[in-house]
Every structure is written in C-alpha cells, then in structure tokens.
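Undergrad: My file is final.cif. It has mmCIF, C-alpha atoms:
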```cif
data_upload
#
loop_
_atom_site.group_PDB
_atom_site.id
_atom_site.type_symbol
_atom_site.label_atom_id
_atom_site.label_comp_id
_atom_site.auth_asym_id
_atom_site.auth_seq_id
_atom_site.Cartn_x
_atom_site.Cartn_y
_atom_site.Cartn_z
ATOM 1 C CA MET A 1 0.000 0.000 0.000
ATOM 2 C CA PHE A 2 2.701 2.518 1.005
ATOM 3 C CA HIS A 3 6.364 2.641 0.034
ATOM 4 C CA VAL A 4 9.601 3.912 1.535
ATOM 5 C CA GLY A 5 9.693 7.690 1.092
ATOM 6 C CA ASP A 6 5.902 8.154 1.137
ATOM 7 C CA LYS A 7 4.584 11.053 3.210
ATOM 8 C CA VAL A 8 1.790 9.761 5.421
ATOM 9 C CA VAL A 9 -0.349 10.836 8.361
ATOM 10 C CA TYR A 10 -0.781 8.761 11.502
ATOM 11 C CA PRO A 11 -3.937 10.028 13.273
ATOM 12 C CA MET A 12 -3.273 11.425 16.747
ATOM 13 C CA HIS A 13 0.477 11.614 16.026
ATOM 14 C CA GLY A 14 0.867 13.705 12.893
ATOM 15 C CA ALA A 15 2.575 13.441 9.532
ATOM 16 C CA GLY A 16 5.846 11.754 8.737
ATOM 17 C CA VAL A 17 7.836 9.912 6.136
ATOM 18 C CA ILE A 18 8.082 6.136 5.826
ATOM 19 C CA GLU A 19 11.775 5.381 6.311
ATOM 20 C CA SER A 20 11.661 1.617 5.994
ATOM 21 C CA ILE A 21 9.533 -1.502 6.009
ATOM 22 C CA GLU A 22 10.724 -4.073 8.529
ATOM 23 C CA GLU A 23 9.820 -7.490 9.853
ATOM 24 C CA LYS A 24 9.821 -7.590 13.663
ATOM 25 C CA GLU A 25 9.022 -10.273 16.162
ATOM 26 C CA ILE A 26 7.058 -8.868 19.060
ATOM 27 C CA LEU A 27 5.579 -11.137 21.732
ATOM 28 C CA GLY A 28 6.401 -14.175 19.619
ATOM 29 C CA GLU A 29 4.564 -12.881 16.561
ATOM 30 C CA THR A 30 6.392 -11.776 13.424
ATOM 31 C CA ARG A 31 4.726 -8.902 11.604
ATOM 32 C CA SER A 32 5.638 -6.421 8.917
ATOM 33 C CA TYR A 33 5.830 -2.760 9.977
ATOM 34 C CA TYR A 34 6.099 0.629 8.339
ATOM 35 C CA VAL A 35 8.764 2.570 10.203
ATOM 36 C CA MET A 36 7.987 6.253 9.945
ATOM 37 C CA ARG A 37 9.707 9.327 11.296
ATOM 38 C CA ILE A 38 7.549 12.214 12.420
ATOM 39 C CA PRO A 39 9.751 15.310 12.186
ATOM 40 C CA ILE A 40 7.852 17.433 14.700
ATOM 41 C CA GLY A 41 8.877 16.015 18.044
ATOM 42 C CA ASP A 42 11.436 13.812 16.257
ATOM 43 C CA MET A 43 9.367 10.701 16.895
ATOM 44 C CA LYS A 44 9.829 7.280 15.291
ATOM 45 C CA VAL A 45 6.686 5.155 14.966
ATOM 46 C CA MET A 46 6.205 1.547 13.864
ATOM 47 C CA VAL A 47 2.854 0.864 12.241
ATOM 48 C CA PRO A 48 1.770 -2.742 11.586
ATOM 49 C CA ARG A 49 1.139 -3.031 7.846
ATOM 50 C CA ASP A 50 -1.887 -5.267 8.387
ATOM 51 C CA SER A 51 -3.525 -2.615 10.638
ATOM 52 C CA VAL A 52 -3.187 0.402 8.341
ATOM 53 C CA LYS A 53 -6.930 0.681 7.595
ATOM 54 C CA GLU A 54 -8.014 0.368 11.247
ATOM 55 C CA ILE A 55 -5.375 2.901 12.330
ATOM 56 C CA GLY A 56 -6.322 5.302 9.554
ATOM 57 C CA LEU A 57 -2.852 5.826 8.049
ATOM 58 C CA ARG A 58 -3.254 7.940 4.913
ATOM 59 C CA GLN A 59 -1.339 10.017 2.369
ATOM 60 C CA VAL A 60 -0.501 13.647 3.168
ATOM 61 C CA ILE A 61 -2.864 16.131 1.489
ATOM 62 C CA ASP A 62 -2.110 17.555 -1.945
ATOM 63 C CA GLU A 63 -2.362 21.164 -3.186
ATOM 64 C CA ASP A 64 -6.183 21.053 -3.344
ATOM 65 C CA GLY A 65 -6.281 19.715 0.201
ATOM 66 C CA PHE A 66 -3.951 22.492 1.337
ATOM 67 C CA LYS A 67 -6.252 25.117 -0.215
ATOM 68 C CA LYS A 68 -9.234 23.546 1.557
ATOM 69 C CA VAL A 69 -7.386 23.669 4.907
ATOM 70 C CA MET A 70 -6.611 27.356 4.345
ATOM 71 C CA ALA A 71 -10.269 28.023 3.495
ATOM 72 C CA ILE A 72 -11.331 26.309 6.731
ATOM 73 C CA LEU A 73 -8.844 28.358 8.757
ATOM 74 C CA LYS A 74 -10.174 31.535 7.119
ATOM 75 C CA GLY A 75 -13.776 30.552 7.839
ATOM 76 C CA THR A 76 -15.964 31.586 10.722
ATOM 77 C CA LYS A 77 -16.079 29.753 14.020
ATOM 78 C CA SER A 78 -18.423 26.753 14.083
ATOM 79 C CA PRO A 79 -21.086 26.571 16.777
ATOM 80 C CA MET A 80 -19.617 24.956 19.898
ATOM 81 C CA SER A 81 -21.212 23.829 23.112
ATOM 82 C CA SER A 82 -20.913 26.282 25.983
ATOM 83 C CA ASN A 83 -20.369 23.251 28.218
ATOM 84 C CA TRP A 84 -16.595 22.766 28.503
ATOM 85 C CA ASN A 85 -16.815 18.983 28.825
ATOM 86 C CA ARG A 86 -19.027 18.517 25.742
ATOM 87 C CA ARG A 87 -16.886 20.919 23.714
ATOM 88 C CA TYR A 88 -13.712 19.086 24.756
ATOM 89 C CA ARG A 89 -15.144 15.654 23.828
ATOM 90 C CA ALA A 90 -16.422 16.900 20.455
ATOM 91 C CA ASN A 91 -13.051 18.434 19.614
ATOM 92 C CA MET A 92 -11.173 15.313 20.716
ATOM 93 C CA GLU A 93 -13.339 13.167 18.421
ATOM 94 C CA LYS A 94 -12.437 15.443 15.512
ATOM 95 C CA ILE A 95 -8.732 15.156 16.314
ATOM 96 C CA LYS A 96 -8.933 11.360 16.677
ATOM 97 C CA SER A 97 -10.651 11.069 13.290
ATOM 98 C CA GLY A 98 -7.374 11.778 11.513
ATOM 99 C CA ASN A 99 -9.284 14.058 9.126
ATOM 100 C CA ILE A 100 -7.078 17.115 8.519
ATOM 101 C CA TYR A 101 -10.102 19.286 7.771
ATOM 102 C CA GLU A 102 -11.649 18.499 11.151
ATOM 103 C CA VAL A 103 -8.308 19.140 12.866
ATOM 104 C CA ALA A 104 -8.088 22.506 11.060
ATOM 105 C CA GLU A 105 -11.597 23.310 12.301
ATOM 106 C CA VAL A 106 -10.576 22.520 15.894
ATOM 107 C CA VAL A 107 -7.482 24.730 15.573
ATOM 108 C CA ARG A 108 -9.502 27.614 14.116
ATOM 109 C CA ASN A 109 -12.314 27.351 16.660
ATOM 110 C CA LEU A 110 -10.029 27.096 19.688
ATOM 111 C CA MET A 111 -7.707 29.886 18.530
ATOM 112 C CA LEU A 112 -10.665 32.197 17.937
ATOM 113 C CA ARG A 113 -12.253 31.235 21.256
ATOM 114 C CA ASP A 114 -8.934 31.839 23.009
ATOM 115 C CA ARG A 115 -8.798 35.359 21.562
ATOM 116 C CA GLU A 116 -12.418 36.046 22.541
ATOM 117 C CA LYS A 117 -12.815 34.439 25.952
ATOM 118 C CA GLY A 118 -9.628 32.552 26.765
ATOM 119 C CA LEU A 119 -9.252 28.785 27.129
ATOM 120 C CA SER A 120 -9.025 26.461 30.074
ATOM 121 C CA SER A 121 -5.693 24.712 30.593
ATOM 122 C CA GLY A 122 -7.152 21.506 29.103
ATOM 123 C CA GLU A 123 -8.299 23.306 25.971
ATOM 124 C CA LYS A 124 -4.942 25.097 25.682
ATOM 125 C CA LYS A 125 -3.206 21.713 25.660
ATOM 126 C CA MET A 126 -5.713 20.427 23.110
ATOM 127 C CA LEU A 127 -5.125 23.465 20.888
ATOM 128 C CA GLU A 128 -1.367 22.963 20.985
ATOM 129 C CA TYR A 129 -1.782 19.262 20.234
ATOM 130 C CA ALA A 130 -4.126 19.918 17.285
ATOM 131 C CA ARG A 131 -1.808 22.673 15.985
ATOM 132 C CA GLN A 132 1.153 20.266 16.011
ATOM 133 C CA ILE A 133 -0.823 17.663 14.051
ATOM 134 C CA LEU A 134 -1.955 20.292 11.542
ATOM 135 C CA ILE A 135 1.496 21.840 11.214
ATOM 136 C CA SER A 136 3.205 18.470 10.740
ATOM 137 C CA GLU A 137 0.997 17.674 7.757
ATOM 138 C CA LEU A 138 1.223 21.120 6.202
ATOM 139 C CA VAL A 139 5.027 21.093 6.514
ATOM 140 C CA LEU A 140 5.232 17.842 4.552
ATOM 141 C CA SER A 141 2.539 18.771 2.040
ATOM 142 C CA ARG A 142 4.230 22.098 1.242
ATOM 143 C CA GLY A 143 7.840 20.960 1.618
ATOM 144 C CA THR A 144 8.521 23.929 3.869
ATOM 145 C CA GLU A 145 9.747 24.716 7.375
ATOM 146 C CA GLU A 146 7.717 24.465 10.566
ATOM 147 C CA ALA A 147 8.207 28.170 11.384
ATOM 148 C CA GLN A 148 6.810 29.212 7.983
ATOM 149 C CA VAL A 149 3.688 27.101 8.459
ATOM 150 C CA GLN A 150 3.188 28.418 11.998
ATOM 151 C CA SER A 151 3.381 32.029 10.844
ATOM 152 C CA MET A 152 1.061 31.256 7.911
ATOM 153 C CA ILE A 153 -1.568 29.855 10.317
ATOM 154 C CA GLU A 154 -1.142 32.801 12.692
ATOM 155 C CA GLY A 155 -1.479 35.223 9.771
ATOM 156 C CA VAL A 156 -4.646 33.609 8.453
ATOM 157 C CA LEU A 157 -6.276 33.468 11.880
ATOM 158 C CA GLY A 158 -5.097 37.004 12.690
ATOM 159 C CA ASP A 159 -6.906 38.217 9.552
ATOM 160 C CA VAL A 160 -10.065 36.348 10.613
ATOM 161 C CA THR A 161 -9.921 37.872 14.103
ATOM 162 C CA GLN A 162 -9.530 41.385 12.669
ATOM 163 C CA ALA A 163 -12.441 40.837 10.308
ATOM 164 C CA LEU A 164 -14.658 39.899 13.262
ATOM 165 C CA CYS A 165 -13.776 43.072 15.202
#
```
What's the structure tokens form of this structure?
TA:
Amino acid sequence: MFHVGDKVVYPMHGAGVIESIEEKEILGETRSYYVMRIPIGDMKVMVPRDSVKEIGLRQVIDEDGFKKVMAILKGTKSPMSSNWNRRYRANMEKIKSGNIYEVAEVVRNLMLRDREKGLSSGEKKMLEYARQILISELVLSRGTEEAQVQSMIEGVLGDVTQALC
C-alpha cells in the first residue's frame, strides 16, 4: 500500500515519512511494519502493515487539500457547546478522526475562542496538540519549514480575528 519515502499521516500523532519496512518479532509474533519518522517532536513510529486501515494511516494532502485547509482556517467559528466537557469531547473526536479538515476546524475554533474568551488549561493543551498535528501535515505537504507554516496559520487566523472586530 505505502512505500519507503511516502509522506503519510498517523492520526493522533501527525505526519511523517516512511523510512523503511521491517519485519519484527514482538511477543512471539512476526509482523511487517512501516517505520515512519515524524519530524515534529522527532518521533519514530512503527505501524503494523496489516492494521493500516483500522489505524487510519493515509497520504498527506495535496495542493487542493492544502487550499481547503486554508479556506477552513479563514472561515468563521463553528457553533460549539458552551459546556466545557461537551466541547472538549467533540473536539477530541475530531482530532482522533485523523481528518485534517476536522483538525483545522478545531485549531480555528479554539484559537478564535482563546482570543475572545480565553481557554481552560485543558483546551490550551488540546489546541497545541491539534496545531502540532496540523502543522506536521502542512510542513510535509508544502515541503517547507515548521516556522513558515506556523506564521502562515497565525497570519490567516489574525486576519479572521480582525475581520470579526
């Protein structure tokens, strides 16, 4: 399904590059694994090849996907529950989905809410986590540096905030 050098996304961890495909024996069972490096956080992850569909491993977005992410970031805040617990659970489900568009929505909504009302410490951690996932994929899809993507996101959301004022 995937090959060495492919840029892929591992939901809940972010985007990385498949460095190798290896056979490993773990707990007496030999399985084939994709070994991927996730540049942000310099993490190395082994993904069982026979579990790719259940895990949700997928290709990094292309140019059209990037444009859609930017459109989402430029959009208006989605309705969110005023109940912190419900809002947190709904956002976590979006992050767990592995869908970059839902992650972008969480980043946009939480950044805008932070600027309006502030966030709890739990939501601040969630925002940072979602931002890292989003940034990791955009870095690989654009072939650019992390700092450039961060400033691009800040710029887009800064424009949205100013438009709301």
Undergrad: Kindly indicate which residue among A:Val35, A:Lys67, A:Lys74, A:Leu157 lies nearest to A:Asp114, using all atoms listed in the file for the distances.
TA: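 Between A:Val35, A:Lys67, A:Lys74, A:Leu157, the residue approaching A:Asp114 most closely is A:Leu157.
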Undergrad: Quick one, how far is atom CA of A:Leu110 from atom CA of A:Ile133?
TA: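 Straight-line distance from atom CA of A:Leu110 to atom CA of A:Ile133 works out to 14.3 Å.
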Undergrad: When you count all atoms listed in the file, which of these residues is closest to A:Thr76: A:Asn99, A:Asn109, A:Ser51, A:Gln59?
TA: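 Using all atoms listed in the file, the shortest distance to A:Thr76 belongs to A:Asn109.
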Undergrad: Can you turn the PyMOL selection byres ((chain A and resi 47) around 8) into a concrete residue list for this file, as a PyMOL selection string?
TA: chain A and resi 33-36+45-46+48-49+51-52
Undergrad: Would you work out the distance separating atom CA of A:Ile100 from atom CA of A:Asn83, expressed in Å to one decimal?
TA: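 Taking atom CA of A:Ile100 and atom CA of A:Asn83, their separation equals 24.5 Å.
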Undergrad: Separation of atom CA of A:Val60 and atom CA of A:Leu140, in Å?
TA: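 Interatomic distance here is 7.2 Å.
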Undergrad: Would you please work out which residue, of A:Gly75, A:Gly118, A:Pro11, A:Gly41, is nearest to A:Met92 when using all atoms listed in the file?
TA: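 Of A:Gly75, A:Gly118, A:Pro11, A:Gly41, the one nearest A:Met92, counting all atoms listed in the file, is A:Pro11.
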Undergrad: Evaluate the PyMOL selection byres ((chain A and resi 120) around 12) and record the selected residues as an MDAnalysis selection string, following the chain and residue labels used in the document.
TA: chainID A and resid 83:85 87:88 110 113:114 117:119 121:127
Undergrad: Rank nothing, just name the residue among A:Gly158, A:Pro79, A:Gly65, A:Gly28 nearest to A:Ser141, using all atoms listed in the file.
TA: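 Nearest to A:Ser141: A:Gly65.
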Undergrad: Any chance you could resolve the PyMOL selection byres ((chain A and resi 39) around 8) against this file and give the residues as a VMD selection string?
TA: chain A and resid 15 to 16 37 to 38 40 to 43 136
Undergrad: Using all atoms listed in the file, can you tell me which of A:Lys24, A:Thr30, A:Val107, A:Asp50 comes closest to A:Phe2?
TA: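 For A:Phe2, the nearest of the candidates is A:Asp50.
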Undergrad: Would you be able to write out as a list in words which residues have an atom within 10 Å of (-10.6, 2.9, 12.2) in the file's coordinates, counting only C-alpha atoms?
TA: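 Those residues lying close to the given coordinates are Pro11, Ser51, Val52, Lys53, Glu54, Ile55, Gly56, Leu57, Lys96, Ser97 and Gly98 of chain A.
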Undergrad: Got a minute to add N, CA and C atoms to stretch 19-55 of chain A and dump it as a compact mmCIF listing (two decimals), in the frame of the given file?
TA:
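Result went into rebuild-v2.txt, see below:
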```txt
# COMPACT_ATOMS: atom_id res chain seq x y z
N GLU A 19 10.33 5.56 6.48
CA GLU A 19 11.78 5.38 6.31
C GLU A 19 12.14 3.97 5.87
N SER A 20 11.36 3.00 6.35
CA SER A 20 11.66 1.62 5.99
C SER A 20 10.44 0.74 6.24
N ILE A 21 10.54 -0.48 5.74
CA ILE A 21 9.53 -1.50 6.01
C ILE A 21 10.31 -2.67 6.58
N GLU A 22 9.95 -3.07 7.81
CA GLU A 22 10.72 -4.07 8.53
C GLU A 22 9.84 -5.19 9.07
N GLU A 23 10.45 -6.35 9.18
CA GLU A 23 9.82 -7.49 9.85
C GLU A 23 10.33 -7.49 11.29
N LYS A 24 9.43 -7.57 12.25
CA LYS A 24 9.82 -7.59 13.66
C LYS A 24 9.04 -8.68 14.37
N GLU A 25 9.70 -9.30 15.32
CA GLU A 25 9.02 -10.27 16.16
C GLU A 25 8.75 -9.60 17.49
N ILE A 26 7.48 -9.48 17.81
CA ILE A 26 7.06 -8.87 19.06
C ILE A 26 6.08 -9.81 19.73
N LEU A 27 6.39 -10.19 20.96
CA LEU A 27 5.58 -11.14 21.73
C LEU A 27 5.37 -12.44 20.97
N GLY A 28 6.44 -12.90 20.32
CA GLY A 28 6.40 -14.18 19.62
C GLY A 28 5.72 -14.15 18.27
N GLU A 29 5.27 -13.00 17.84
CA GLU A 29 4.56 -12.88 16.56
C GLU A 29 5.37 -12.01 15.61
N THR A 30 5.66 -12.54 14.43
CA THR A 30 6.39 -11.78 13.42
C THR A 30 5.40 -11.05 12.53
N ARG A 31 5.60 -9.74 12.44
CA ARG A 31 4.73 -8.90 11.60
C ARG A 31 5.58 -7.93 10.80
N SER A 32 4.98 -7.42 9.75
CA SER A 32 5.64 -6.42 8.92
C SER A 32 5.17 -5.03 9.36
N TYR A 33 6.12 -4.10 9.48
CA TYR A 33 5.83 -2.76 9.98
C TYR A 33 6.35 -1.69 9.03
N TYR A 34 5.59 -0.59 8.94
CA TYR A 34 6.10 0.63 8.34
C TYR A 34 6.82 1.36 9.47
N VAL A 35 8.04 1.77 9.22
CA VAL A 35 8.76 2.57 10.20
C VAL A 35 8.75 4.00 9.68
N MET A 36 8.09 4.87 10.41
CA MET A 36 7.99 6.25 9.94
C MET A 36 8.58 7.20 10.96
N ARG A 37 9.16 8.27 10.45
CA ARG A 37 9.71 9.33 11.30
C ARG A 37 8.78 10.53 11.19
N ILE A 38 8.38 11.01 12.35
CA ILE A 38 7.55 12.21 12.42
C ILE A 38 8.48 13.35 12.84
N PRO A 39 8.75 14.28 11.92
CA PRO A 39 9.75 15.31 12.19
C PRO A 39 9.45 16.20 13.39
N ILE A 40 8.19 16.57 13.57
CA ILE A 40 7.85 17.43 14.70
C ILE A 40 7.82 16.56 15.95
N GLY A 41 8.72 16.84 16.86
CA GLY A 41 8.88 16.02 18.04
C GLY A 41 9.90 14.92 17.83
N ASP A 42 10.44 14.82 16.63
CA ASP A 42 11.44 13.81 16.26
C ASP A 42 11.07 12.43 16.80
N MET A 43 9.89 11.97 16.43
CA MET A 43 9.37 10.70 16.90
C MET A 43 9.49 9.64 15.81
N LYS A 44 9.79 8.42 16.21
CA LYS A 44 9.83 7.28 15.29
C LYS A 44 8.69 6.35 15.68
N VAL A 45 7.87 5.96 14.70
CA VAL A 45 6.69 5.16 14.97
C VAL A 45 6.70 3.93 14.07
N MET A 46 6.33 2.78 14.65
CA MET A 46 6.20 1.55 13.86
C MET A 46 4.72 1.22 13.75
N VAL A 47 4.26 1.12 12.50
CA VAL A 47 2.85 0.86 12.24
C VAL A 47 2.71 -0.51 11.59
N PRO A 48 1.97 -1.43 12.21
CA PRO A 48 1.77 -2.74 11.59
C PRO A 48 1.09 -2.58 10.23
N ARG A 49 1.67 -3.18 9.20
CA ARG A 49 1.14 -3.03 7.85
C ARG A 49 -0.27 -3.61 7.71
N ASP A 50 -0.57 -4.64 8.49
CA ASP A 50 -1.89 -5.27 8.39
C ASP A 50 -2.96 -4.51 9.19
N SER A 51 -2.57 -3.42 9.86
CA SER A 51 -3.52 -2.62 10.64
C SER A 51 -3.69 -1.20 10.10
N VAL A 52 -3.18 -0.95 8.91
CA VAL A 52 -3.19 0.40 8.34
C VAL A 52 -4.60 0.97 8.24
N LYS A 53 -5.56 0.18 7.76
CA LYS A 53 -6.93 0.68 7.60
C LYS A 53 -7.57 1.02 8.94
N GLU A 54 -7.41 0.12 9.93
CA GLU A 54 -8.01 0.37 11.25
C GLU A 54 -7.39 1.60 11.91
N ILE A 55 -6.08 1.77 11.73
CA ILE A 55 -5.38 2.90 12.33
C ILE A 55 -5.74 4.20 11.62
```
